[in-house]
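Colleague: Below you'll find the structure I mean.
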Amino acid sequence: MSEKIIETLMHLFALIAKPYRNESEKKGVVEAFLSHLLNQELVKKYLGIYTDAYNEAAEKLARSTPERREGL
């Protein structure tokens, strides 16, 4: 799988992740997916991309729904 496809998947996973649910569980699913495809060094790299994308999406959601900010 190409680097660009994996990067895009990390952004998609971040967008569809439910922001008010267990963060470690979501990250575990992404890590398991990556572990089947990549070595540990690349898993860490792409988990970082996922985390950054997730945090960005969560911030955008919080700005658009101020009453739920405390839940992030």
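We label chains A, B, ... in the order they appear in the structure tokens, count residues from 1 in each chain, and number ligands from 1 in the order shown.
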Output as a ChimeraX atom specification all residues of chain A that backbone DSSP marks as helix (DSSP H, G or I).
Modeller: /A:3-16,23-37,40-64,66-71
Colleague: Counting only C-alpha atoms, figure out which residue out of A:Glu59, A:Tyr54, A:Lys26, A:Leu38 gets nearest to Ala14 in chain A.
Modeller: A:Tyr54
Colleague: Within 12 Å of range 43-45 of chain A, counting only C-alpha atoms, which residues show up once you throw out same-chain ones fewer than 4 positions away? Write them as a PyMOL selection string, please.
Modeller: chain A and resi 3+6-7+10+27-28+30-39+49-52
Colleague: Go through A:Leu15, A:Val29, A:Ser24, A:Met1 and flag the residue nearest Ala58 in chain A, using only C-alpha atoms for the distances.
Modeller: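 Counting only C-alpha atoms, the residue closest to Ala58 in chain A is A:Leu15.
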